[in-house]
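Here the structure is laid out as structure tokens; the discussion comes afterwards.
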Amino acid sequence: MSELLLDVSQMREAHARIERTYPPDALPSDGDVYRIAAPFVLRCTVHKDRQQFRLVGRVEATLELACSRCLERFSLAVDEAFDVLFLPHAEQAAALERQAGSERQVEDDDLSTAYYQDQVLDLGQLMQEQFYLVVPMKPLCGEDCRGLCSVCGTNLNTGRCECHPTWVDPRLAVLEQLKKDT
Ligand SMILES: [Zn+2]
Ligand SMILES: [Zn+2]
């Protein structure tokens, strides 16, 4: 069985510790969003309550992202805590029915609910969801990234250019024109 899956069929005790280290290619990288740049580690405690399994722990990884301003790649250290409740797959349909039948807002903790089938928890999916959660909408290599010149495309963090992309206030342009005319 893949290391990304956790077989709970033999789990008898109420709690179990798991600690696993994965090679970077154990999970597919999402080229547009992130690349997994180094081995990553999952540490968590599994709490068993009949058919429910609550996983509380952390995932540590190094992701490589592309800066949204200068397009350079940079590393993001991830050390993300999670608390996810796994329910049997059969309960998913019931939960969806309840939601459809009521006007009730989806509760916050619904976000950290996962479903499992065949006595197997998908740790890979759990970790991937953490990665998507930590990647910002507009990743920046640094708060003060100067981006690319809008005229020639030079990376202004590392180079200079001769362009002067100045924006002229149209009201000032009118004044300039008036001055010329008089
Ligand atoms: Zn940048
Ligand atoms: Zn330029």
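In the structure tokens, chains take the letters A, B, ... in the order shown, each chain's residues start at 1, and ligands count up from 1 in the order shown.
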DSSP on the backbone, alpha helix (DSSP H) only: what residues of region 79-177 of chain A does that give? Format it as a CSV table (one decimal) with all heavy atoms, in the first residue's frame.
```csv
chain,number,residue,atom,x,y,z
A,90,ALA,N,-20.0,6.9,3.4
A,90,ALA,CA,-21.5,6.8,3.4
A,90,ALA,C,-22.1,8.1,4.0
A,90,ALA,O,-23.2,8.4,3.7
A,90,ALA,CB,-21.9,5.6,4.1
A,91,GLU,N,-21.4,8.7,5.0
A,91,GLU,CA,-21.9,9.9,5.6
A,91,GLU,C,-21.9,11.1,4.8
A,91,GLU,O,-22.5,12.1,5.1
A,91,GLU,CB,-21.2,10.1,7.0
A,91,GLU,CG,-21.6,9.0,8.0
A,91,GLU,CD,-21.1,9.4,9.4
A,91,GLU,OE1,-20.8,10.6,9.6
A,91,GLU,OE2,-20.9,8.4,10.2
A,92,GLN,N,-21.1,11.1,3.7
A,92,GLN,CA,-21.0,12.3,2.9
A,92,GLN,C,-22.3,12.5,2.2
A,92,GLN,O,-22.8,13.7,2.2
A,92,GLN,CB,-19.9,12.0,1.8
A,92,GLN,CG,-19.7,13.3,1.0
A,92,GLN,CD,-18.5,13.1,0.1
A,92,GLN,OE1,-18.0,12.0,-0.3
A,92,GLN,NE2,-17.9,14.3,-0.4
A,93,ALA,N,-22.9,11.5,1.7
A,93,ALA,CA,-24.2,11.6,1.0
A,93,ALA,C,-25.2,12.2,1.9
A,93,ALA,O,-26.0,13.1,1.6
A,93,ALA,CB,-24.6,10.3,0.4
A,94,ALA,N,-25.2,11.7,3.1
A,94,ALA,CA,-26.2,12.1,4.1
A,94,ALA,C,-26.0,13.6,4.5
A,94,ALA,O,-27.0,14.4,4.6
A,94,ALA,CB,-26.1,11.2,5.4
A,95,ALA,N,-24.7,14.0,4.6
A,95,ALA,CA,-24.4,15.4,4.9
A,95,ALA,C,-24.8,16.3,3.8
A,95,ALA,O,-25.4,17.4,4.1
A,95,ALA,CB,-22.9,15.5,5.2
A,96,LEU,N,-24.6,15.9,2.6
A,96,LEU,CA,-25.0,16.7,1.4
A,96,LEU,C,-26.5,16.9,1.4
A,96,LEU,O,-27.0,17.9,1.1
A,96,LEU,CB,-24.5,16.1,0.1
A,96,LEU,CG,-23.0,16.2,-0.1
A,96,LEU,CD1,-22.6,15.4,-1.4
A,96,LEU,CD2,-22.6,17.7,-0.3
A,97,GLU,N,-27.2,15.8,1.7
A,97,GLU,CA,-28.7,15.9,1.7
A,97,GLU,C,-29.2,16.8,2.8
A,97,GLU,O,-30.1,17.6,2.5
A,97,GLU,CB,-29.3,14.5,2.0
A,97,GLU,CG,-30.0,13.9,0.8
A,97,GLU,CD,-30.3,12.4,1.0
A,97,GLU,OE1,-30.9,12.1,2.1
A,97,GLU,OE2,-29.9,11.6,0.2
A,98,ARG,N,-28.6,16.8,3.9
A,98,ARG,CA,-29.0,17.7,5.0
A,98,ARG,C,-28.8,19.1,4.6
A,98,ARG,O,-29.6,20.0,4.8
A,98,ARG,CB,-28.2,17.4,6.3
A,98,ARG,CG,-28.7,16.3,7.1
A,98,ARG,CD,-28.2,16.4,8.6
A,98,ARG,NE,-26.7,16.4,8.6
A,98,ARG,CZ,-26.0,15.3,8.6
A,98,ARG,NH1,-26.6,14.1,8.5
A,98,ARG,NH2,-24.7,15.3,8.7
A,99,GLN,N,-27.6,19.4,3.9
A,99,GLN,CA,-27.3,20.7,3.5
A,99,GLN,C,-28.3,21.2,2.5
A,99,GLN,O,-28.8,22.4,2.5
A,99,GLN,CB,-25.9,20.8,2.9
A,99,GLN,CG,-24.9,21.1,3.9
A,99,GLN,CD,-23.5,21.0,3.4
A,99,GLN,OE1,-23.3,21.2,2.2
A,99,GLN,NE2,-22.5,20.7,4.2
A,100,ALA,N,-28.6,20.3,1.5
A,100,ALA,CA,-29.6,20.7,0.4
A,100,ALA,C,-30.9,21.0,1.0
A,100,ALA,O,-31.7,21.9,0.5
A,100,ALA,CB,-29.6,19.6,-0.6
A,123,LEU,N,-3.9,10.3,3.1
A,123,LEU,CA,-3.0,11.3,3.6
A,123,LEU,C,-2.4,12.3,2.6
A,123,LEU,O,-2.2,13.4,2.8
A,123,LEU,CB,-1.8,10.7,4.4
A,123,LEU,CG,-2.2,9.7,5.5
A,123,LEU,CD1,-0.9,9.0,6.0
A,123,LEU,CD2,-2.9,10.4,6.6
A,124,GLY,N,-2.3,11.8,1.4
A,124,GLY,CA,-1.8,12.6,0.3
A,124,GLY,C,-2.7,13.8,0.0
A,124,GLY,O,-2.3,14.9,-0.1
A,125,GLN,N,-4.0,13.5,-0.1
A,125,GLN,CA,-5.0,14.5,-0.3
A,125,GLN,C,-5.0,15.5,0.8
A,125,GLN,O,-5.1,16.7,0.6
A,125,GLN,CB,-6.4,13.9,-0.5
A,125,GLN,CG,-7.4,14.9,-1.0
A,125,GLN,CD,-8.8,14.4,-1.0
A,125,GLN,OE1,-9.0,13.2,-0.8
A,125,GLN,NE2,-9.8,15.2,-1.2
A,126,LEU,N,-4.9,15.0,2.1
A,126,LEU,CA,-4.8,15.9,3.2
A,126,LEU,C,-3.7,16.9,3.1
A,126,LEU,O,-3.8,18.1,3.3
A,126,LEU,CB,-4.7,15.1,4.5
A,126,LEU,CG,-4.7,15.7,5.8
A,126,LEU,CD1,-5.1,14.7,6.9
A,126,LEU,CD2,-3.3,16.3,6.2
A,127,MET,N,-2.5,16.4,2.7
A,127,MET,CA,-1.3,17.2,2.6
A,127,MET,C,-1.4,18.2,1.5
A,127,MET,O,-1.1,19.4,1.6
A,127,MET,CB,0.0,16.4,2.5
A,127,MET,CG,0.3,15.7,3.8
A,127,MET,SD,1.9,14.8,3.7
A,127,MET,CE,1.4,13.4,2.7
A,128,GLN,N,-2.0,17.7,0.3
A,128,GLN,CA,-2.1,18.6,-0.8
A,128,GLN,C,-3.1,19.8,-0.5
A,128,GLN,O,-2.8,20.9,-0.9
A,128,GLN,CB,-2.7,17.9,-2.0
A,128,GLN,CG,-1.7,17.4,-3.0
A,128,GLN,CD,-2.3,16.6,-4.1
A,128,GLN,OE1,-3.1,15.8,-3.9
A,128,GLN,NE2,-1.8,16.9,-5.3
A,129,GLU,N,-4.1,19.5,0.3
A,129,GLU,CA,-5.0,20.6,0.7
A,129,GLU,C,-4.3,21.6,1.6
A,129,GLU,O,-4.5,22.8,1.4
A,129,GLU,CB,-6.2,20.0,1.4
A,129,GLU,CG,-7.3,19.5,0.4
A,129,GLU,CD,-8.4,18.7,1.1
A,129,GLU,OE1,-8.5,18.7,2.3
A,129,GLU,OE2,-9.1,18.0,0.3
A,130,GLN,N,-3.4,21.2,2.4
A,130,GLN,CA,-2.6,22.1,3.2
A,130,GLN,C,-1.7,23.0,2.3
A,130,GLN,O,-1.6,24.2,2.6
A,130,GLN,CB,-1.7,21.4,4.3
A,130,GLN,CG,-2.4,20.4,5.2
A,130,GLN,CD,-3.7,21.0,5.8
A,130,GLN,OE1,-3.7,22.0,6.3
A,130,GLN,NE2,-4.8,20.2,5.6
A,131,PHE,N,-1.2,22.4,1.3
A,131,PHE,CA,-0.3,23.2,0.4
A,131,PHE,C,-1.1,24.3,-0.3
A,131,PHE,O,-0.7,25.4,-0.4
A,131,PHE,CB,0.4,22.3,-0.6
A,131,PHE,CG,1.3,21.3,-0.1
A,131,PHE,CD1,1.7,20.1,-0.8
A,131,PHE,CD2,1.9,21.5,1.2
A,131,PHE,CE1,2.6,19.2,-0.2
A,131,PHE,CE2,2.8,20.6,1.7
A,131,PHE,CZ,3.2,19.5,1.0
A,132,TYR,N,-2.3,23.9,-0.8
A,132,TYR,CA,-3.1,24.9,-1.5
A,132,TYR,C,-3.6,26.0,-0.5
A,132,TYR,O,-3.7,27.2,-0.9
A,132,TYR,CB,-4.3,24.3,-2.1
A,132,TYR,CG,-4.0,23.6,-3.4
A,132,TYR,CD1,-4.0,22.2,-3.6
A,132,TYR,CD2,-3.7,24.4,-4.5
A,132,TYR,CE1,-3.7,21.6,-4.8
A,132,TYR,CE2,-3.4,23.8,-5.8
A,132,TYR,CZ,-3.4,22.4,-5.9
A,132,TYR,OH,-3.0,21.8,-7.1
A,133,LEU,N,-3.8,25.6,0.8
A,133,LEU,CA,-4.2,26.6,1.8
A,133,LEU,C,-3.1,27.7,2.0
A,133,LEU,O,-3.4,28.8,2.3
A,133,LEU,CB,-4.5,26.0,3.1
A,133,LEU,CG,-5.9,25.3,3.2
A,133,LEU,CD1,-6.1,24.6,4.5
A,133,LEU,CD2,-7.0,26.3,3.0
A,134,VAL,N,-1.8,27.2,2.0
A,134,VAL,CA,-0.7,28.2,2.4
A,134,VAL,C,-0.2,29.0,1.2
A,134,VAL,O,0.4,30.0,1.4
A,134,VAL,CB,0.5,27.5,3.0
A,134,VAL,CG1,0.1,26.8,4.3
A,134,VAL,CG2,1.1,26.5,2.1
A,170,PRO,N,-3.9,63.6,-16.2
A,170,PRO,CA,-4.5,64.3,-17.3
A,170,PRO,C,-4.8,65.7,-17.0
A,170,PRO,O,-4.8,66.6,-17.9
A,170,PRO,CB,-5.8,63.4,-17.6
A,170,PRO,CG,-5.9,62.4,-16.5
A,170,PRO,CD,-4.6,62.3,-15.8
A,171,ARG,N,-5.1,66.0,-15.7
A,171,ARG,CA,-5.4,67.4,-15.4
A,171,ARG,C,-4.2,68.3,-15.5
A,171,ARG,O,-4.3,69.4,-15.9
A,171,ARG,CB,-6.0,67.5,-13.9
A,171,ARG,CG,-7.4,66.9,-13.8
A,171,ARG,CD,-7.7,66.6,-12.4
A,171,ARG,NE,-6.8,65.7,-11.8
A,171,ARG,CZ,-6.9,65.3,-10.5
A,171,ARG,NH1,-7.8,65.7,-9.7
A,171,ARG,NH2,-6.0,64.4,-10.1
A,172,LEU,N,-3.0,67.7,-15.1
A,172,LEU,CA,-1.8,68.4,-15.3
A,172,LEU,C,-1.5,68.7,-16.7
A,172,LEU,O,-1.0,69.7,-17.1
A,172,LEU,CB,-0.6,67.7,-14.6
A,172,LEU,CG,-0.5,67.8,-13.1
A,172,LEU,CD1,0.7,67.0,-12.6
A,172,LEU,CD2,-0.3,69.3,-12.7
A,173,ALA,N,-1.8,67.7,-17.6
A,173,ALA,CA,-1.5,67.8,-19.0
A,173,ALA,C,-2.3,69.0,-19.6
A,173,ALA,O,-1.8,69.7,-20.4
A,173,ALA,CB,-1.9,66.5,-19.7
A,174,VAL,N,-3.5,69.1,-19.1
A,174,VAL,CA,-4.3,70.3,-19.6
A,174,VAL,C,-3.7,71.6,-19.2
A,174,VAL,O,-3.6,72.5,-20.0
A,174,VAL,CB,-5.7,70.2,-19.0
A,174,VAL,CG1,-6.5,71.4,-19.3
A,174,VAL,CG2,-6.5,68.9,-19.5
A,175,LEU,N,-3.2,71.6,-17.9
A,175,LEU,CA,-2.5,72.9,-17.5
A,175,LEU,C,-1.3,73.2,-18.3
A,175,LEU,O,-1.0,74.3,-18.7
A,175,LEU,CB,-2.1,72.7,-16.0
A,175,LEU,CG,-3.2,72.8,-15.0
A,175,LEU,CD1,-2.7,72.6,-13.6
A,175,LEU,CD2,-3.9,74.2,-15.1
A,176,GLU,N,-0.5,72.1,-18.6
A,176,GLU,CA,0.7,72.3,-19.4
A,176,GLU,C,0.3,72.9,-20.7
A,176,GLU,O,1.0,73.8,-21.3
A,176,GLU,CB,1.4,70.9,-19.6
A,176,GLU,CG,2.1,70.3,-18.4
A,176,GLU,CD,3.3,71.2,-17.9
A,176,GLU,OE1,4.0,71.7,-18.8
A,176,GLU,OE2,3.4,71.4,-16.7
A,177,GLN,N,-0.7,72.4,-21.3
A,177,GLN,CA,-1.2,72.8,-22.6
A,177,GLN,C,-1.6,74.3,-22.6
A,177,GLN,O,-1.2,75.1,-23.4
A,177,GLN,CB,-2.3,71.9,-23.1
A,177,GLN,CG,-2.6,72.1,-24.6
A,177,GLN,CD,-1.4,71.7,-25.5
A,177,GLN,OE1,-0.7,70.7,-25.2
A,177,GLN,NE2,-1.2,72.5,-26.4
```
Q. What residues have any atom no more than 9 Å from ligand 2 when counting only C-alpha atoms and all ligand atoms, and can you list them as a ChimeraX atom specification?
A. /A:148-156,160-165
Q | Surrounding residues of Gln10 (chain A) excluding itself and chain neighbours under 6 positions, 12 Å, only C-alpha atoms, as a list in words | A | Ala16, Lys48, Gln119 and Val120 of chain A
Residue selection dump (N, CA and C atoms) as an mmCIF file, in the first residue's frame:
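The resulting file, part-v6.cif, is reproduced below:
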```
data_model
loop_
_atom_site.group_PDB
_atom_site.id
_atom_site.type_symbol
_atom_site.label_atom_id
_atom_site.label_comp_id
_atom_site.auth_asym_id
_atom_site.auth_seq_id
_atom_site.Cartn_x
_atom_site.Cartn_y
_atom_site.Cartn_z
ATOM 1 N N ALA A 16 -2.940 6.831 17.848
ATOM 2 C CA ALA A 16 -1.717 6.332 17.211
ATOM 3 C C ALA A 16 -0.941 7.513 16.661
ATOM 4 N N LYS A 48 -9.036 7.702 17.228
ATOM 5 C CA LYS A 48 -10.108 6.853 16.692
ATOM 6 C C LYS A 48 -11.314 6.898 17.623
ATOM 7 N N GLN A 119 -11.718 1.596 4.538
ATOM 8 C CA GLN A 119 -10.822 1.599 5.701
ATOM 9 C C GLN A 119 -9.467 2.235 5.407
ATOM 10 N N VAL A 120 -9.444 3.181 4.470
ATOM 11 C CA VAL A 120 -8.179 3.805 4.096
ATOM 12 C C VAL A 120 -8.326 5.327 4.096
#
```
Q: Enumerate as number ranges by chain the residues within 10 Å of ligand 1, counting only C-alpha atoms and all ligand atoms.
A: A: 66-74, 139-148, 155-157
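Proximity ranking of A:Pro88, A:Gly159, A:Pro136, A:Gly101 relative to Arg50 (chain A) places A:Pro88 first, based on only C-alpha atoms.
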Q) Nearest to Leu121 (chain A) among A:Ala77, A:Leu55, A:Ala37, A:Leu63, with distances taken over only C-alpha atoms: which residue is it? A)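 The shortest atom-to-atom distance to Leu121 (chain A) comes from A:Leu55.
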Q) Which residues in region 55-155 of chain A does DSSP call strand (DSSP E or B)? List them as a VMD selection string. A) chain A and resid 55 to 66 73 to 88 113 to 117 120 to 122 148 155
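Minimum atom-to-atom distances from A:Gln52, A:Ser9, A:Ser2, A:Ser75 to Ile36 (chain A) were compared using only C-alpha atoms, and the lowest value belongs to A:Ser75.
As for CA of Ser29 (chain A) and CA of Gln117 (chain A), they are spaced 24.6 Å apart.
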Q.
So, with only C-alpha atoms as the atoms that count, which of A:Asp79, A:Arg12, A:Ala61, A:Pro24 lies closest to Asp49 (chain A)?
A. A:Arg12
(Q) When you count only C-alpha atoms, which of these residues is closest to Val33 (chain A): A:Leu4, A:Met137, A:His15, A:Arg58? (A)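 Answer, going by the shortest atom-to-atom distance: A:Met137.
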Q. Any idea what the distance is between CA of Leu85 (chain A) and CA of Thr62 (chain A)?
A.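 Atom-to-atom, CA of Leu85 (chain A) to CA of Thr62 (chain A), that is 25.2 Å.
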**Q.** Pick from A:Leu42, A:Val135, A:Met11, A:Val84 nearest to Ala114 (chain A), counting only C-alpha atoms
**A.** A:Val84
